[in-house]
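Comments concern the structure below.
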Amino acid sequence: MAESLRRRLPLLLLLLLAAGGLRAAERSGGSSSSAMEELATEKEAEESHRQDSVSLLTFILLLTLTILTIWLFKHRRVRFLHETGLAMIYGLIVGVILRYGTPSTSGHDKPFSCSQEDRPFTTLLVNVSGKFFEYTLKGEISPGKIHNVEQNDMLRKVTFDPEVFFNILLPPIIFHAGYSLKKRHFFRNLGSILAYAFLGTAVSCFIIGNLMYGVVKLMKLVGQLSDKFYYTDCLLFGAIISATDPVTVLAIFNELHADVDLYALLFGESVLNDAVAIVLSSSIVAYQPTGENTHAFDAAAFFKSVGVFLGIFSGSFMMGAVTGVVTALVTKFTKLHCFPLLETALFFLMSWSTFLLAEACGFTGVVAVLFCGITQAHYTYNNLSVESRSRTKQLFEVLHFLAENFIFSYMGLALFTFQKHIFSPVFIIGAFVAIFLGRAAHIYPLSFLLNLGRRHKISWSFQHMMMFSGLRGAMAFALAIRDTATYSHQMMFSTTLLIVFFTVWIVGGGTTPMLSWLNIRVGVDPDQDPPPTNDSFQVLQGDGQDSARRNRTKQESAWLFRLWYSFDHNYLKPILTHSGPPLTTTLPSWCGLIAHCLTSPQVYDNQEQLREEDSDFILNDGDLTVTYGDTTITANGSSGPHTATTNLDSRRTKSSSEEALERDLGAADHEVTSRGTRLVFPLEYNA
């Protein structure tokens with residue numbers, strides 16, 4: 001027995017060693033497979049990082065190439081194609097290369113069914129062999145396109161989240177528009193600009209929306225509509241496409257020094273028009289009728305949408321203005337001007353945070369940041385050091401340039417990289433016709449009504465140029481790409497993209513020939529007023545009743561502006577800036593302590609209170625000279641060869657601030673008497 005055990009012992013030892021080796025091999029095999037999985041994960045992460053770098057490098061190279069081509073065009077004085085058009089062309093070229101020149105790098109998408117769930121989840125945890133992986137929702141895919149999901153990782157990388165456009169790229173563009181506003185000509189035409197921006201945009205939206213609803217009905221009849229397209233979708237398209245962006249036209253106007261009033265009308269309309277369009281689109285989305293048919297007309301829902309429009313716009317306006325006022329107070333009552341870098345950084349952060357704060361509170365950041373820019377230019381700019389003034393202007397100018405060209409480059413790229421395009425020839429042709437008719441109904445009837453109250457009429461050539469300059473651009477694209485979840489929104493986005501291409505290339509390229517054909521003057525000094533005409537003053541024999549009525553009308557029309565500028569000049573400017581009259585001279589005597597605390601010491605040192613750098617409205621009495629016959633009459637009382645006396649409303653005594661405001665507004669009626677003939681030559685606002 002013992003002999004038998006001795007013989008079997010080596011065999012048992014071998015079996016034990018083999019079993020141990022097998023267990024060790026299993027353990028080593030498991031650890032090696034785990035190591036291989038970790039290595040594969042690291043390689044995927046490294047590849048994803050590399051693709052992210054390549055996608056960003058692609059856009060940087062696009063912008064670099066655009067800048068170099070812009071220099072070449074400016075050097076050769078080429079004006080038929082603007083820089084935004086160049087950016088779109090380069091984006092198209094890169095989009096073609098990425099679409100057809102790069103192979104598919106992933107093919108692991110496999111559909112899973114979750115029939116027990118009735119709604120999608122924003123975040124999904126998937127158990128794969130005991131390991132949990134997190135997935136995020138990207139959007140809905142129609143059943144017919146489930147096998148056409150993008151398999152190219154590079155194309156996925158260059159497709160940005162729409163929130164990138166709203167939160168990062170749009171704020172510097174809109175802020176720069178408000179911060180660089182030329183206040184003199186803007187406020188001289190403020191009434192017309194507000195009419196075009198608010199009433200005109202609403203008219204254009206409803207005309208385009210109703211015409212497109214007819215087009216949708218036609219598509220349904222001929223069998224070209226494969227999914228739902230409601231009336232509210234048509235109105236939303238009207239609001240989106242009503243956002244004009246004549247960046248090409250304005251750039252050419254600025255380069256050629258075109259007529260300043262025409263520039264002010266187009267620029268002012270485009271600035272406020274973007275704000276109105278985005279709030280209008282939000283109001284249409286908020287339209288939710290009660291009952292089974294959620295797309296039928298409901299008066300209660302309609303008035304609720306109107307209330308939403310007014311609430312969002314006014315709330316956004318107040319938020320932007322308050323942020324600008326807070327920034328002005330901080331820069332006034334601190335010593336930040338001693339540290340220009342900190343001053344510029346605070347100015348930048350406060351301005352950008354206005355957009356995000358408005359969006360976080362449920363308002364519209366575009367409106368808030370626009371009026372923040374206007375408020376910053378009017379108040380905060382006066383408190384900045386000389387170095388910070390230059391820095392802020394250059395900083396936002398560069399950011400505006402890069403963001404705008406980035407968006408236009410992405411437009412060209414999106415034509416080939418976007419996976420949800422729906423092109424309908426009937427819808428596209430109908431959209432072009434509707435836009436033309438909507439723009440015509442926007443410009444010509446409003447111009448006719450405005451000319452009834454304007455002294456300097458909006459000429460037919462100006463109206464034709466404004467009609468021609470209704471380009472669509474960055475705002476329309478950003479609004480359209482923000483929501484592409486449904487069939488109707490995908491068709492709207494694809495059509496908007498084509499409309500932007502056409503208007504920027506064709507209409508923008510025809511700006512210079514159109515200026516020449518309409519005989520619109522160019523080479524005009526931006527600070528020069530329109531040339532005087534024979535009817536710029538009237539010769540009256542005595543005091544007629546009609547003259548008194550006209551003068552009363554002029555005074556009443558300027559009353560609101562005079563009231564605001566009086567309050568601004570006497571109270572807001574001294575409180576928020578280092579300029580304006582001391583509060584000790586404008587506030588009651590019992591407010592002396594508060595007046596001394598709020599008044600900046602620099603105000604007392606300033607000997608020329610009215611010579612502010614941002615006051616483009618100022619007109620001195622000595623600058624006013626009129627030649628009548630052989631008599632030259634000036635507002636300060638000098639004349640030659642005959643003498644003339646000046647009566648600047650001698651019936652009542654005016655304070656220095658009121659005289660300054662009259663010079664600011666340019667609305668005072670200067671009455672000059674010479675040899676019994678009374679000349680009245682008003683310098684007034686254009687309504």
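Starting from 1 in every chain, residues are counted up; chains themselves are A, B, ... following the order of the structure tokens, and ligands are numbered from 1 as listed.
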Which residues are close to Ser461 in chain A, i.e. within 8 Å by only C-alpha atoms, leaving aside same-chain residues fewer than 3 positions away? Reply as a PyMOL selection string. chain A and resi 464-465+518-520
Can you write out the residues you just picked, keeping C-alpha atoms, as a CSV table (one decimal), in the first residue's frame?
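Written out: selection-v8.csv:
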chain,number,residue,atom,x,y,z
A,464,HIS,CA,-35.2,100.6,-53.1
A,465,MET,CA,-31.8,100.2,-51.5
A,518,LEU,CA,-29.8,104.4,-57.7
A,519,ASN,CA,-27.5,107.5,-57.7
A,520,ILE,CA,-26.9,107.3,-53.9
Give me the residues within 10 Å of Leu86 in chain A as a ChimeraX atom specification, counting only C-alpha atoms and dropping any in the same chain fewer than 6 places off. /A:62-63,65-67,69-70,92,405,408-409,412,504-505
So, with only C-alpha atoms as the atoms that count, which of A:Ile60, A:Leu68, A:Leu450, A:Ala441 lies closest to Asn189 in chain A?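 Answer, going by the shortest atom-to-atom distance: A:Leu450.
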With only C-alpha atoms as the atoms that count, which of A:Val276, A:Leu221, A:Leu181, A:Ala239 lies nearest to Tyr263 in chain A?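 Going through A:Val276, A:Leu221, A:Leu181, A:Ala239 one by one, the smallest distance to Tyr263 in chain A is for A:Leu181.
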Taking only C-alpha atoms into account, name the residue in A:Ala300, A:Leu272, A:Ala358, A:Ala45 that is nearest to Ile312 in chain A. A:Ala358
Minimum-distance residue to Ser270 in chain A, chosen among A:His489, A:Lys457, A:Lys131, A:Arg472 (using only C-alpha atoms): A:Arg472
Skip Ile594 in chain A itself and residues of its chain fewer than 6 positions away, then list as a list in words all residues within 10 Å of it, counting only C-alpha atoms. Leu583, Thr584 and Leu587 of chain A
Given the selection you just returned, output its residues as a file containing C-alpha atoms, formatted as a PDB file, in the first residue's frame.
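Result file is out.pdb:
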ATOM      1  CA  LEU A 583     -25.543 117.428  -8.691  1.00  0.00           C
ATOM      2  CA  THR A 584     -25.212 120.320  -6.267  1.00  0.00           C
ATOM      3  CA  LEU A 587     -30.692 118.697  -6.992  1.00  0.00           C
TER       4      LEU A 587
END
Measuring atom to atom with only C-alpha atoms, identify which of A:Val249, A:Ile89, A:Cys591, A:Leu336 is nearest to Gly470 in chain A.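 For Gly470 in chain A, the nearest of the candidates is A:Val249.
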